[in-house]
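**Student:** To be precise about what I am sending: the file is called start03.cif and holds mmCIF, C-alpha atoms.
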data_run
#
loop_
_atom_site.label_atom_id
_atom_site.label_comp_id
_atom_site.auth_asym_id
_atom_site.auth_seq_id
_atom_site.Cartn_x
_atom_site.Cartn_y
_atom_site.Cartn_z
CA MET A 1 1.38 -1.45 10.94
CA ASN A 2 4.79 -0.91 9.39
CA ALA A 3 5.36 -1.27 5.65
CA SER A 4 8.17 -3.63 6.58
CA SER A 5 9.29 -5.58 9.64
CA ASP A 6 12.79 -4.16 9.15
CA SER A 7 12.32 -1.55 11.84
CA ALA A 8 12.24 -4.33 14.45
CA LYS A 9 15.93 -4.93 13.69
CA THR A 10 16.94 -1.29 14.25
CA PRO A 11 17.66 0.45 17.56
CA LEU A 12 14.29 2.15 17.18
CA GLY A 13 12.36 -1.12 17.13
CA GLU A 14 11.73 -1.45 20.85
CA LEU A 15 10.54 2.16 21.14
CA ILE A 16 8.21 1.81 18.15
CA GLY A 17 6.86 -1.37 19.69
CA ARG A 18 6.02 0.44 22.94
CA LEU A 19 4.33 3.28 21.10
CA SER A 20 2.33 0.94 18.87
CA VAL A 21 0.37 -0.54 21.78
CA LEU A 22 -0.81 2.72 23.35
CA HIS A 23 -4.07 2.51 21.40
CA GLN A 24 -6.11 -0.59 20.68
CA LYS A 25 -6.90 0.69 17.18
CA ARG A 26 -4.24 1.24 14.52
CA ILE A 27 -6.42 3.95 12.93
CA ASP A 28 -8.70 6.15 15.02
CA LEU A 29 -9.32 9.46 13.28
CA GLY A 30 -9.70 12.52 15.49
CA LEU A 31 -7.83 15.61 16.63
CA GLU A 32 -8.41 15.68 20.42
CA ARG A 33 -5.41 13.49 21.24
CA MET A 34 -3.23 15.40 18.79
CA HIS A 35 -4.08 18.76 20.34
CA ARG A 36 -3.29 17.32 23.77
CA LEU A 37 0.12 16.09 22.61
CA LEU A 38 1.03 19.37 20.94
CA GLU A 39 0.03 21.41 23.99
CA ARG A 40 2.28 19.27 26.18
CA LEU A 41 5.12 19.69 23.68
CA GLY A 42 4.83 23.48 23.84
CA HIS A 43 2.94 23.82 20.53
CA PRO A 44 5.70 23.10 18.01
CA GLU A 45 3.13 23.38 15.21
CA LEU A 46 3.08 27.14 15.86
CA LYS A 47 6.86 27.43 15.42
CA LEU A 48 7.14 26.06 11.89
CA PRO A 49 8.16 27.81 8.67
CA PRO A 50 5.47 28.10 5.95
CA VAL A 51 3.60 24.81 5.52
CA ILE A 52 2.27 23.31 2.29
CA HIS A 53 -0.44 20.81 3.26
CA ILE A 54 -1.19 18.02 0.77
CA ALA A 55 -4.29 15.81 0.71
CA GLY A 56 -5.80 13.50 -1.92
CA THR A 57 -6.16 9.84 -2.78
CA ASN A 58 -3.38 9.28 -5.30
CA GLY A 59 -0.27 11.25 -6.20
CA LYS A 60 0.41 12.94 -2.84
CA GLY A 61 3.93 11.53 -2.50
CA SER A 62 4.95 12.25 -6.08
CA THR A 63 3.58 15.79 -5.93
CA LEU A 64 5.48 16.34 -2.69
CA ALA A 65 8.64 14.99 -4.34
CA TYR A 66 8.34 17.57 -7.15
CA LEU A 67 7.72 20.33 -4.63
CA ARG A 68 10.74 19.35 -2.56
CA ALA A 69 13.09 18.97 -5.51
CA THR A 70 12.03 22.33 -6.97
CA LEU A 71 12.28 24.21 -3.68
CA GLU A 72 15.69 22.70 -3.01
CA ALA A 73 16.82 23.62 -6.52
CA ALA A 74 15.82 27.19 -5.61
CA GLY A 75 18.21 27.03 -2.65
CA LEU A 76 15.62 26.55 0.11
CA ARG A 77 15.76 24.17 3.09
CA VAL A 78 12.75 21.86 3.06
CA HIS A 79 11.34 19.69 5.85
CA ALA A 80 9.02 16.89 4.68
CA TYR A 81 6.68 14.54 6.53
CA THR A 82 5.28 11.61 4.54
CA SER A 83 3.64 8.25 5.15
CA PRO A 84 3.66 5.32 5.07
CA TYR A 85 7.28 4.34 4.96
CA LEU A 86 8.56 1.51 2.80
CA VAL A 87 11.49 0.01 4.69
CA ARG A 88 12.55 2.27 7.60
CA ILE A 89 10.44 4.62 9.71
CA ASN A 90 13.11 7.30 9.18
CA GLU A 91 11.75 7.75 5.63
CA CYS A 92 8.75 9.64 7.08
CA PHE A 93 10.93 12.47 8.38
CA ARG A 94 13.16 14.48 6.06
CA LEU A 95 15.02 17.43 7.55
CA GLY A 96 15.90 20.43 5.40
CA ARG A 97 19.55 21.21 4.83
CA LEU A 98 21.26 23.70 2.53
CA SER A 99 22.90 20.75 0.77
CA GLY A 100 19.51 19.04 0.30
CA GLY A 101 17.11 17.29 2.66
CA GLN A 102 18.27 14.26 4.63
CA LEU A 103 16.34 11.50 6.34
CA VAL A 104 16.45 11.93 10.10
CA GLY A 105 19.11 9.85 11.85
CA ASP A 106 18.23 7.11 14.34
CA ASP A 107 19.50 9.01 17.38
CA GLU A 108 17.67 12.23 16.58
CA LEU A 109 14.45 10.41 15.75
CA ARG A 110 14.64 8.30 18.90
CA ALA A 111 15.11 11.43 21.02
CA ALA A 112 12.05 13.09 19.44
CA LEU A 113 9.87 10.01 19.86
CA GLU A 114 11.02 9.55 23.47
CA GLU A 115 10.09 13.17 24.21
CA VAL A 116 6.63 12.56 22.73
CA GLU A 117 6.35 9.35 24.72
CA ARG A 118 7.32 11.23 27.91
CA VAL A 119 4.75 14.00 27.54
CA ASN A 120 2.06 11.56 26.46
CA ALA A 121 2.52 9.79 29.82
CA GLY A 122 1.02 6.48 28.74
CA GLU A 123 -2.29 7.87 27.52
CA ALA A 124 -4.07 6.42 24.50
CA ALA A 125 -2.63 7.63 21.18
CA THR A 126 -2.16 6.02 17.79
CA LEU A 127 1.32 5.50 16.41
CA PHE A 128 0.54 7.92 13.58
CA GLU A 129 -0.42 10.63 16.07
CA LEU A 130 2.79 10.10 18.03
CA LYS A 131 4.86 10.12 14.82
CA THR A 132 3.18 13.32 13.63
CA ALA A 133 3.80 15.03 16.94
CA ALA A 134 7.44 13.94 16.74
CA ALA A 135 7.65 15.40 13.23
CA PHE A 136 6.41 18.80 14.40
CA HIS A 137 8.83 18.63 17.34
CA LEU A 138 11.75 17.85 15.01
CA PHE A 139 10.78 20.49 12.47
CA ALA A 140 10.43 23.18 15.13
CA GLN A 141 13.92 22.40 16.43
CA ASN A 142 15.64 22.47 13.04
CA PRO A 143 15.68 25.66 10.94
CA ALA A 144 14.16 25.46 7.45
CA ASP A 145 12.33 27.60 4.91
CA VAL A 146 9.35 25.35 4.08
CA VAL A 147 7.51 22.34 5.52
CA LEU A 148 5.84 19.85 3.16
CA LEU A 149 3.14 18.03 5.10
CA GLU A 150 1.37 15.00 3.65
CA VAL A 151 -2.01 13.94 5.03
CA GLY A 152 -2.00 10.38 6.33
CA LEU A 153 -5.66 9.44 5.82
CA GLY A 154 -8.55 11.65 4.73
CA GLY A 155 -7.97 15.20 5.90
CA ARG A 156 -10.66 16.54 8.23
CA LEU A 157 -9.69 14.38 11.22
CA ASP A 158 -6.16 13.51 10.13
CA SER A 159 -3.43 14.23 12.68
CA THR A 160 -1.77 16.69 10.30
CA ASN A 161 -4.86 18.92 10.17
CA VAL A 162 -3.78 21.07 13.10
CA ILE A 163 -2.03 23.74 11.01
CA ASP A 164 -4.41 26.72 11.11
CA ALA A 165 -2.65 28.95 8.56
CA PRO A 166 -0.66 27.01 5.97
CA ALA A 167 0.89 28.73 2.98
CA ALA A 168 -1.12 26.54 0.60
CA CYS A 169 -3.51 23.59 0.60
CA VAL A 170 -3.06 21.06 -2.20
CA ILE A 171 -5.57 18.40 -3.27
CA THR A 172 -4.35 15.65 -5.58
CA PRO A 173 -6.81 13.43 -7.50
CA VAL A 174 -9.61 12.14 -5.27
CA SER A 175 -10.95 8.62 -5.85
CA MET A 176 -12.53 5.71 -4.00
CA ASP A 177 -10.31 4.39 -1.23
CA HIS A 178 -10.51 3.86 2.54
CA MET A 179 -14.30 3.87 2.31
CA ASP A 180 -14.54 2.26 5.76
CA PHE A 181 -13.14 5.50 7.24
CA LEU A 182 -14.07 8.21 4.75
CA GLY A 183 -17.51 7.17 3.49
CA GLY A 184 -18.83 5.18 0.57
CA THR A 185 -19.27 7.94 -2.01
CA LEU A 186 -16.87 10.16 -3.91
CA THR A 187 -18.71 13.16 -2.49
CA SER A 188 -18.12 12.11 1.11
CA ILE A 189 -14.47 11.26 0.46
CA ALA A 190 -13.91 14.62 -1.27
CA GLY A 191 -15.51 16.33 1.72
CA GLU A 192 -12.98 14.74 4.05
CA LYS A 193 -10.09 15.81 1.80
CA ALA A 194 -11.40 19.33 1.22
CA ALA A 195 -11.61 19.90 4.98
CA ILE A 196 -7.91 20.81 5.02
CA ILE A 197 -8.84 24.07 3.24
CA LYS A 198 -8.25 27.02 5.56
CA ARG A 199 -9.74 30.49 5.46
CA GLY A 200 -8.10 32.70 2.84
CA VAL A 201 -5.37 30.17 2.02
CA PRO A 202 -4.73 29.31 -1.66
CA VAL A 203 -6.15 25.93 -2.72
CA ILE A 204 -4.51 24.17 -5.66
CA SER A 205 -6.43 21.21 -7.06
CA ALA A 206 -5.59 18.55 -9.59
CA GLU A 207 -8.15 17.57 -12.22
CA GLN A 208 -11.07 15.93 -10.42
CA ALA A 209 -14.25 14.05 -11.19
CA GLY A 210 -17.22 16.42 -11.33
CA GLU A 211 -18.73 15.51 -7.97
CA ALA A 212 -15.37 15.80 -6.19
CA MET A 213 -14.63 19.18 -7.76
CA ALA A 214 -18.06 20.47 -6.76
CA VAL A 215 -17.26 19.68 -3.13
CA ILE A 216 -13.82 21.32 -3.33
CA GLU A 217 -15.25 24.42 -5.01
CA ALA A 218 -17.98 24.73 -2.37
CA GLN A 219 -15.52 24.41 0.51
CA ALA A 220 -13.10 26.91 -1.05
CA LYS A 221 -15.97 29.37 -1.45
CA ARG A 222 -17.10 28.76 2.12
CA MET A 223 -13.58 29.48 3.40
CA ARG A 224 -13.05 32.39 0.99
CA ALA A 225 -9.96 30.59 -0.24
CA PRO A 226 -8.73 31.34 -3.77
CA LEU A 227 -8.99 28.18 -5.86
CA PHE A 228 -6.49 27.31 -8.60
CA ALA A 229 -7.92 24.29 -10.40
CA ALA A 230 -6.36 22.23 -13.17
CA ASN A 231 -7.73 22.98 -16.65
CA GLU A 232 -9.21 26.23 -15.35
CA SER A 233 -6.52 28.33 -13.68
CA TRP A 234 -3.61 26.30 -15.06
CA HIS A 235 -2.91 23.68 -17.69
CA VAL A 236 -0.29 21.00 -18.24
CA ASN A 237 0.26 19.17 -21.52
CA VAL A 238 2.71 16.76 -23.10
CA GLU A 239 4.12 18.13 -26.33
CA HIS A 240 6.88 16.29 -28.19
CA GLY A 241 7.73 14.44 -25.01
CA ARG A 242 8.14 17.65 -23.00
CA LEU A 243 6.06 19.13 -20.18
CA VAL A 244 4.35 22.35 -21.19
CA TYR A 245 2.80 24.27 -18.30
CA SER A 246 0.70 27.41 -18.70
CA ASP A 247 -1.27 29.79 -16.51
CA ASP A 248 -2.20 33.47 -16.61
CA ARG A 249 1.42 34.38 -15.83
CA GLY A 250 2.82 32.65 -18.89
CA LEU A 251 4.10 29.38 -20.32
CA MET A 252 6.98 27.10 -19.40
CA ASP A 253 8.44 24.43 -21.69
CA LEU A 254 10.21 21.91 -19.45
CA THR A 255 11.99 18.58 -19.74
CA ALA A 256 9.79 15.56 -18.98
CA PRO A 257 9.79 14.21 -15.43
CA ARG A 258 12.16 11.38 -14.59
CA LEU A 259 9.30 9.61 -12.80
CA PHE A 260 7.55 7.45 -15.38
CA GLY A 261 3.96 7.67 -16.57
CA ARG A 262 1.61 10.25 -18.05
CA HIS A 263 0.15 10.91 -14.61
CA GLN A 264 3.54 12.21 -13.49
CA PHE A 265 3.18 15.16 -15.87
CA ASP A 266 -0.06 15.99 -14.02
CA ASN A 267 1.59 15.61 -10.60
CA ALA A 268 4.46 17.83 -11.71
CA GLY A 269 2.00 20.41 -13.05
CA LEU A 270 0.20 20.43 -9.71
CA ALA A 271 3.50 21.11 -7.93
CA ILE A 272 4.32 23.97 -10.32
CA ALA A 273 0.86 25.49 -9.90
CA THR A 274 1.22 25.29 -6.12
CA LEU A 275 4.50 27.18 -6.01
CA ARG A 276 3.22 29.81 -8.43
CA ALA A 277 0.09 30.32 -6.30
CA ILE A 278 1.97 31.21 -3.11
CA PRO A 279 2.57 34.98 -3.19
CA ASN A 280 5.88 35.00 -1.29
CA PHE A 281 7.54 32.22 -3.30
CA LYS A 282 9.60 33.40 -6.28
CA ILE A 283 10.78 30.30 -8.12
CA ASN A 284 12.53 30.77 -11.47
CA GLN A 285 12.24 28.48 -14.48
CA ALA A 286 15.68 26.96 -13.91
CA ALA A 287 14.57 25.71 -10.49
CA PHE A 288 11.35 24.28 -11.94
CA GLU A 289 13.36 22.53 -14.65
CA ALA A 290 15.79 21.04 -12.13
CA GLY A 291 13.01 20.01 -9.78
CA ILE A 292 10.84 18.30 -12.37
CA VAL A 293 13.79 16.35 -13.78
CA GLY A 294 15.39 15.62 -10.41
CA ALA A 295 12.42 14.46 -8.36
CA GLU A 296 12.56 10.87 -7.17
CA TRP A 297 9.86 8.89 -5.38
CA PRO A 298 10.39 5.16 -4.77
CA ALA A 299 7.84 2.46 -5.60
CA ARG A 300 5.92 4.60 -8.11
CA MET A 301 6.51 2.88 -11.46
CA GLN A 302 10.10 2.40 -10.34
CA ARG A 303 12.35 0.41 -12.64
CA ILE A 304 14.44 -2.06 -10.63
CA THR A 305 17.87 -1.74 -12.24
CA SER A 306 20.07 -3.21 -9.51
CA GLY A 307 19.81 -5.50 -6.52
CA GLU A 308 19.21 -9.11 -5.60
CA LEU A 309 15.96 -9.70 -7.48
CA LEU A 310 17.27 -9.10 -11.01
CA ALA A 311 19.13 -12.42 -10.99
CA LEU A 312 16.00 -14.39 -10.06
CA GLY A 313 13.74 -13.56 -13.02
CA PRO A 314 14.11 -14.47 -16.69
CA GLN A 315 17.35 -13.17 -18.15
CA GLY A 316 16.86 -9.81 -19.88
CA SER A 317 13.47 -9.16 -18.30
CA GLU A 318 12.33 -5.79 -16.97
CA ILE A 319 11.17 -5.53 -13.36
CA TRP A 320 8.96 -2.60 -12.35
CA LEU A 321 7.63 -1.79 -8.88
CA ASP A 322 4.52 0.22 -8.12
CA GLY A 323 2.77 0.67 -4.79
CA GLY A 324 -0.65 1.42 -6.33
CA HIS A 325 -3.44 -0.25 -4.36
CA ASN A 326 -6.80 1.16 -5.48
CA ALA A 327 -8.68 1.25 -8.78
CA GLU A 328 -7.33 4.67 -9.79
CA GLY A 329 -3.79 3.68 -8.83
CA GLY A 330 -4.15 0.60 -11.01
CA ARG A 331 -5.43 2.72 -13.87
CA VAL A 332 -2.42 5.03 -13.95
CA ALA A 333 0.01 2.10 -13.63
CA ALA A 334 -1.73 0.31 -16.49
CA ALA A 335 -1.57 3.47 -18.60
CA ALA A 336 2.16 3.70 -17.94
CA LEU A 337 2.56 0.07 -18.98
CA GLY A 338 0.64 0.84 -22.15
CA ASP A 339 3.13 3.60 -22.94
CA LEU A 340 6.00 1.17 -22.37
CA GLU A 341 4.38 -1.39 -24.63
CA GLU A 342 4.15 1.18 -27.42
CA ARG A 343 7.88 1.84 -27.12
CA VAL A 344 9.11 -1.74 -26.68
CA SER A 345 6.68 -4.64 -26.86
CA ARG A 346 7.12 -7.35 -24.23
CA PRO A 347 4.79 -9.92 -22.64
CA LEU A 348 3.52 -8.60 -19.29
CA VAL A 349 3.29 -10.52 -16.02
CA VAL A 350 1.76 -8.93 -12.91
CA ILE A 351 2.90 -10.11 -9.49
CA ALA A 352 0.34 -8.79 -7.01
CA GLY A 353 -0.18 -8.71 -3.26
CA MET A 354 -2.83 -6.59 -1.57
CA MET A 355 -4.31 -5.64 1.77
CA ALA A 356 -7.60 -7.24 2.81
CA ASN A 357 -9.58 -3.98 2.80
CA LYS A 358 -8.78 -3.17 -0.84
CA ASP A 359 -10.91 -3.71 -3.96
CA ALA A 360 -8.84 -6.40 -5.66
CA GLN A 361 -11.18 -6.82 -8.60
CA GLY A 362 -11.35 -3.08 -9.25
CA PHE A 363 -7.56 -2.83 -9.08
CA LEU A 364 -6.75 -5.86 -11.26
CA ALA A 365 -9.40 -5.00 -13.87
CA ASN A 366 -7.05 -2.31 -15.15
CA PHE A 367 -4.55 -4.96 -16.27
CA ALA A 368 -7.03 -7.38 -17.87
CA GLY A 369 -6.46 -5.91 -21.32
CA LEU A 370 -2.68 -5.96 -20.94
CA THR A 371 -2.01 -9.41 -19.52
CA ARG A 372 -3.72 -12.66 -18.70
CA HIS A 373 -0.99 -13.79 -16.33
CA ILE A 374 -1.30 -12.82 -12.67
CA ILE A 375 0.80 -14.28 -9.86
CA ALA A 376 -0.75 -13.73 -6.43
CA VAL A 377 1.66 -13.47 -3.49
CA PRO A 378 1.26 -12.83 0.24
CA ILE A 379 2.64 -9.73 1.95
CA PRO A 380 5.00 -11.03 4.64
CA ASP A 381 4.81 -9.90 8.27
CA THR A 382 1.85 -7.63 7.64
CA GLU A 383 -1.44 -7.68 9.53
CA ASN A 384 -4.64 -7.69 7.48
CA ALA A 385 -2.95 -8.74 4.23
CA MET A 386 -5.32 -10.26 1.68
CA PRO A 387 -5.15 -14.09 1.51
CA VAL A 388 -3.68 -15.16 -1.82
CA ASP A 389 -6.69 -17.37 -2.60
CA ARG A 390 -9.04 -14.40 -2.34
CA LEU A 391 -6.77 -12.30 -4.56
CA ALA A 392 -6.58 -15.18 -7.05
CA ASP A 393 -10.38 -15.47 -7.12
CA ALA A 394 -10.63 -11.78 -8.00
CA ALA A 395 -8.25 -12.30 -10.93
CA ARG A 396 -10.14 -15.39 -12.15
CA SER A 397 -13.43 -13.47 -12.07
CA LEU A 398 -11.87 -11.18 -14.67
CA GLY A 399 -10.90 -14.09 -16.92
CA MET A 400 -7.22 -13.82 -16.05
CA ARG A 401 -4.89 -16.79 -15.69
CA VAL A 402 -3.62 -16.81 -12.14
CA GLU A 403 -1.34 -18.83 -9.94
CA THR A 404 -0.37 -18.47 -6.29
CA VAL A 405 3.14 -18.80 -4.92
CA SER A 406 4.82 -18.25 -1.56
CA GLY A 407 6.36 -14.85 -2.33
CA VAL A 408 7.95 -12.46 -4.81
CA GLU A 409 11.23 -14.39 -4.98
CA ALA A 410 9.38 -17.63 -5.70
CA ALA A 411 7.34 -15.87 -8.39
CA LEU A 412 10.47 -14.63 -10.16
CA ARG A 413 12.09 -18.06 -9.98
CA ALA A 414 8.96 -19.63 -11.46
CA LEU A 415 8.97 -17.14 -14.34
CA SER A 416 12.64 -17.89 -15.05
CA LYS A 417 11.67 -21.48 -15.85
CA LEU A 418 9.21 -20.46 -18.58
CA ALA A 419 10.18 -20.15 -22.21
CA TYR A 420 9.77 -16.60 -23.50
CA GLU A 421 10.60 -15.60 -27.05
CA VAL A 422 11.02 -12.06 -25.72
CA PRO A 423 12.02 -11.48 -22.06
CA PRO A 424 8.92 -10.36 -20.16
CA ARG A 425 8.06 -7.10 -18.47
CA ILE A 426 7.24 -7.85 -14.82
CA LEU A 427 5.20 -5.50 -12.64
CA ILE A 428 5.17 -6.06 -8.87
CA THR A 429 2.22 -4.13 -7.47
CA GLY A 430 -0.86 -3.91 -5.27
CA SER A 431 0.44 -2.46 -2.01
CA LEU A 432 3.02 -0.09 -0.57
CA TYR A 433 3.60 -2.72 2.11
CA LEU A 434 4.54 -5.22 -0.60
CA ALA A 435 6.69 -2.57 -2.28
CA GLY A 436 8.56 -1.95 0.97
CA HIS A 437 9.18 -5.67 1.34
CA VAL A 438 10.50 -5.84 -2.22
CA LEU A 439 12.90 -2.94 -1.74
CA ALA A 440 14.14 -4.51 1.49
CA ILE A 441 14.86 -7.97 0.07
CA ASN A 442 16.33 -6.39 -3.06
CA GLY A 443 18.80 -4.48 -0.92
CA THR A 444 17.74 -1.09 -2.34
CA PRO A 445 15.84 0.75 0.42
CA PRO A 446 15.03 4.45 -0.05
CA ALA A 447 18.04 6.60 0.80
#
Please, can you express the file's structure as C-alpha cells?

**Tutor:**
Amino acid sequence: MNASSDSAKTPLGELIGRLSVLHQKRIDLGLERMHRLLERLGHPELKLPPVIHIAGTNGKGSTLAYLRATLEAAGLRVHAYTSPYLVRINECFRLGRLSGGQLVGDDELRAALEEVERVNAGEAATLFELKTAAAFHLFAQNPADVVLLEVGLGGRLDSTNVIDAPAACVITPVSMDHMDFLGGTLTSIAGEKAAIIKRGVPVISAEQAGEAMAVIEAQAKRMRAPLFAANESWHVNVEHGRLVYSDDRGLMDLTAPRLFGRHQFDNAGLAIATLRAIPNFKINQAAFEAGIVGAEWPARMQRITSGELLALGPQGSEIWLDGGHNAEGGRVAAAALGDLEERVSRPLVVIAGMMANKDAQGFLANFAGLTRHIIAVPIPDTENAMPVDRLADAARSLGMRVETVSGVEAALRALSKLAYEVPPRILITGSLYLAGHVLAINGTPPA
C-alpha cells in the first residue's frame, strides 16, 4: 500500500496498479521470487558499487541520510534505496550524481519497472520485490561509488538481502514492531535483523537492549564478522550542544545535527562509525561535519515552516510532523518534545493516526506525561488504517482527553477555535502514511 494515493495521479499510476495485483499478499517475506527476478534481469545485484546494507527497527532512514550527506560531501556519487515513500514512489530511488543525488525521474523509473514487469512475465511477486529489482536494475545502469540499501521489513527474508558481499552491515536500534511477521520477542526480531550480517563483513551496531545485542554478537561471531558496537568500539556524546564522537582512532568535535532530537546524535554517530569501519573509505572531518549538519530526512521531527496547513491552526502555533509508529518511535519523539519544552514552554496537542496492526496504547503512553489532549484522525485512502474510535479508546485508557475528527485539516481548524494563552505546539504523528498525506496536502512533498 502506498503512503499516499498521489501516485495514482502520476503517469506511473497505471503501471504501479498493474504491479500491485501480481500477488494476493502485500507482504510475503521470502527470497525465491527475488532471486528469480534478478536472474532474469541478468543479475544487476552483482554489478553494483560497494553496498552499505542497513537494518533495524527505528532510525534506518535518518542513519542513511547522514551516510548519504557525508559521502556526498566527500565528493562521492551515492545511490540510495529507501522505503516506504511519503508522497511519490520516486522517493524510494535516489541516483548518485557528482552534483548530489537526485530522485529518479518518472520516465527512467517507468522504464525500469516495465523491464522488471516484462521479465517477471505475470508471475506472482510483491510490489516491494518488483520495486527492489527495479532499484538494482537502475543502480547497475548508472555509475556511482556507493549504494545505500535500506531493509524494507526484517532482514533475513527481506528482498534486499540478496547482496552476498556488502561493504558494511548496519543495525540501528531494534525494538518491538511487525511482530506478526518477525516474531513476538525482541530476541526473535533481533535474529531477523542480524541475518543481514555476511561472512567477514564489518557490522556496525547502535546501542541495543541486552537481549538484542546478545543475538547480534552471536551472529557476528558465527559469521566471523568484526563487530563495532556503540559504547564499546565507539562513543557519541552531546557536549555543550555539539556532537562529540570518539573511537580508537581519535575524537571528533562536530556541529549538532540539523535533524532534531537527542536520538539524532546517536543516528549520526552510527553513520560516522560505519564510514570509519570500512577500510577503503577515507572520509575527512570536513566531510563528516558537512554531512552531519546537512542531512535532511522528512517526517522525522520535522518542523512545518511553510505550506497550506500553517494557516489552519492557531496563530503563532508550532506544527511538527513525525512518522513514528511504534513504542520506541514514540519514546524518541516524546523525548524531543521534552527538549523543546525546556527551551520554550508551550501547551502540547498530539494529532494521531495509526495503522491497525500497531500498538496504539504503547505508542501514545509516551505522550501521557506531556499532554492530555489527543485528537484522533483517520489516514485517508489507506488500507488497514486504525479506526479512530479504537485509537481514541487507547488514549482514554491512559487517562488522556481525546476527541475524534474527520482529518488533520479539521483538527487544526478545531484547535484554532480554542483560546490559548500561549500558542500551542502541535505534533502530527503515528504513521508514515499519515505523514505522507500531511506533506501532500501541505504542498511540501520531499524533493

**Student:** Take the point (1.5, 29.2, -17.6) in the file's coordinates, draw a sphere of radius 10 Å around it, and report as a VMD selection string every protein, DNA or RNA residue with an atom inside or on it, counting only C-alpha atoms.

**Tutor:** chain A and resid 233 to 236 244 to 253 269 272 to 273 276

**Student:** Write out as a compact mmCIF listing (two decimals) with C-alpha atoms, in the coordinates of the input each polymer residue whose atoms come within 9 Å of A:Arg97, counting only C-alpha atoms; drop sequence neighbours fewer than 3 positions from it.

**Tutor:**
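Ended up saving to selection_1.txt:
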# COMPACT_ATOMS: atom_id res chain seq x y z
CA GLU A 72 15.69 22.70 -3.01
CA LEU A 76 15.62 26.55 0.11
CA ARG A 77 15.76 24.17 3.09
CA VAL A 78 12.75 21.86 3.06
CA HIS A 79 11.34 19.69 5.85
CA GLY A 100 19.51 19.04 0.30
CA GLY A 101 17.11 17.29 2.66
CA GLN A 102 18.27 14.26 4.63
CA PRO A 143 15.68 25.66 10.94
CA ALA A 144 14.16 25.46 7.45

**Student:** What lies within 9 Å of A:Lys198 using all atoms listed in the file, ignoring chain neighbours under 2 positions off, as a ChimeraX atom specification?

**Tutor:** /A:163-166,168-169,195-196,200-203,220,223-225

**Student:** Carefully work through the PyMOL selection byres ((chain A and resi 303-316) around 6) for this structure and note down the residues it includes, as a PDB file with C-alpha atoms, in the coordinates of the input.

**Tutor:**
ATOM      1  CA  GLN A 302      10.100   2.400 -10.340  1.00  0.00           C
ATOM      2  CA  SER A 317      13.470  -9.160 -18.300  1.00  0.00           C
ATOM      3  CA  ILE A 319      11.170  -5.530 -13.360  1.00  0.00           C
ATOM      4  CA  TRP A 320       8.960  -2.600 -12.350  1.00  0.00           C
ATOM      5  CA  LEU A 412      10.470 -14.630 -10.160  1.00  0.00           C
ATOM      6  CA  ARG A 413      12.090 -18.060  -9.980  1.00  0.00           C
ATOM      7  CA  SER A 416      12.640 -17.890 -15.050  1.00  0.00           C
ATOM      8  CA  PRO A 423      12.020 -11.480 -22.060  1.00  0.00           C
ATOM      9  CA  ASN A 442      16.330  -6.390  -3.060  1.00  0.00           C
ATOM     10  CA  GLY A 443      18.800  -4.480  -0.920  1.00  0.00           C
TER      11      GLY A 443
END

**Student:** Residues of stretch 129-208 of chain A within 6 Å of stretch 48-59 of chain A: nearest atom pair and distance (Å, one decimal) for each, counting only C-alpha atoms, sorted by chain and number, as JSON lines?

**Tutor:**
{"residue": "A:Ala140", "atom": "CA", "partner": "A:Leu48", "partner_atom": "CA", "distance": 5.4}
{"residue": "A:Asp145", "atom": "CA", "partner": "A:Pro49", "partner_atom": "CA", "distance": 5.6}
{"residue": "A:Val146", "atom": "CA", "partner": "A:Pro50", "partner_atom": "CA", "distance": 5.1}
{"residue": "A:Val147", "atom": "CA", "partner": "A:Val51", "partner_atom": "CA", "distance": 4.6}
{"residue": "A:Leu148", "atom": "CA", "partner": "A:Ile52", "partner_atom": "CA", "distance": 5.0}
{"residue": "A:Leu149", "atom": "CA", "partner": "A:His53", "partner_atom": "CA", "distance": 4.9}
{"residue": "A:Glu150", "atom": "CA", "partner": "A:Ile54", "partner_atom": "CA", "distance": 4.9}
{"residue": "A:Val151", "atom": "CA", "partner": "A:Ala55", "partner_atom": "CA", "distance": 5.2}
{"residue": "A:Pro166", "atom": "CA", "partner": "A:Val51", "partner_atom": "CA", "distance": 4.8}
{"residue": "A:Ala167", "atom": "CA", "partner": "A:Val51", "partner_atom": "CA", "distance": 5.4}
{"residue": "A:Ala168", "atom": "CA", "partner": "A:Ile52", "partner_atom": "CA", "distance": 5.0}
{"residue": "A:Cys169", "atom": "CA", "partner": "A:His53", "partner_atom": "CA", "distance": 4.9}
{"residue": "A:Val170", "atom": "CA", "partner": "A:Ile54", "partner_atom": "CA", "distance": 4.6}
{"residue": "A:Ile171", "atom": "CA", "partner": "A:Ala55", "partner_atom": "CA", "distance": 4.9}
{"residue": "A:Thr172", "atom": "CA", "partner": "A:Gly56", "partner_atom": "CA", "distance": 4.5}
{"residue": "A:Pro173", "atom": "CA", "partner": "A:Gly56", "partner_atom": "CA", "distance": 5.7}
{"residue": "A:Val174", "atom": "CA", "partner": "A:Thr57", "partner_atom": "CA", "distance": 4.8}
{"residue": "A:Ser175", "atom": "CA", "partner": "A:Thr57", "partner_atom": "CA", "distance": 5.8}
{"residue": "A:Lys193", "atom": "CA", "partner": "A:Ala55", "partner_atom": "CA", "distance": 5.9}

**Student:** Excluding A:Ser397 and any residue of its chain fewer than 4 positions from it, enumerate the residues within 9 Å of it, using all atoms listed in the file, and give them as a PyMOL selection string.

**Tutor:** chain A and resi 361+392-393

**Student:** With the PyMOL selection byres ((chain A and resi 291) around 12) as the selection, what would be picked from this file? Answer as a ChimeraX atom specification, please.

**Tutor:** /A:62-75,254-259,268-269,271-272,275,283-290,292-296

**Student:** Please determine the residues with any atom at most 12 Å from (1.6, 2.2, -19.3) (coordinates as given in the file, with all atoms listed in the file counting) and report them as a PyMOL selection string.

**Tutor:** chain A and resi 260-264+301+320+322+329-345+348+366-367+369-370+425+427

**Student:** From the options A:Gln141, A:Gln219, A:Thr187, A:Asn237, which residue's atoms come nearest to A:His43, counting only C-alpha atoms?

**Tutor:**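 Using only C-alpha atoms, A:His43 sits closest to A:Gln141.
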
**Student:** Please write the residues picked by the PyMOL selection byres ((chain A and resi 368) around 10) on this file as a ChimeraX atom specification.

**Tutor:** /A:334,363-367,369-374,395,398-401

**Student:** Which of these residues is nearest to A:Arg26, using all atoms listed in the file: A:Ala376, A:Asn161, A:Ala134, A:Thr126?

**Tutor:**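 Smallest separation from A:Arg26 among the options: A:Thr126.
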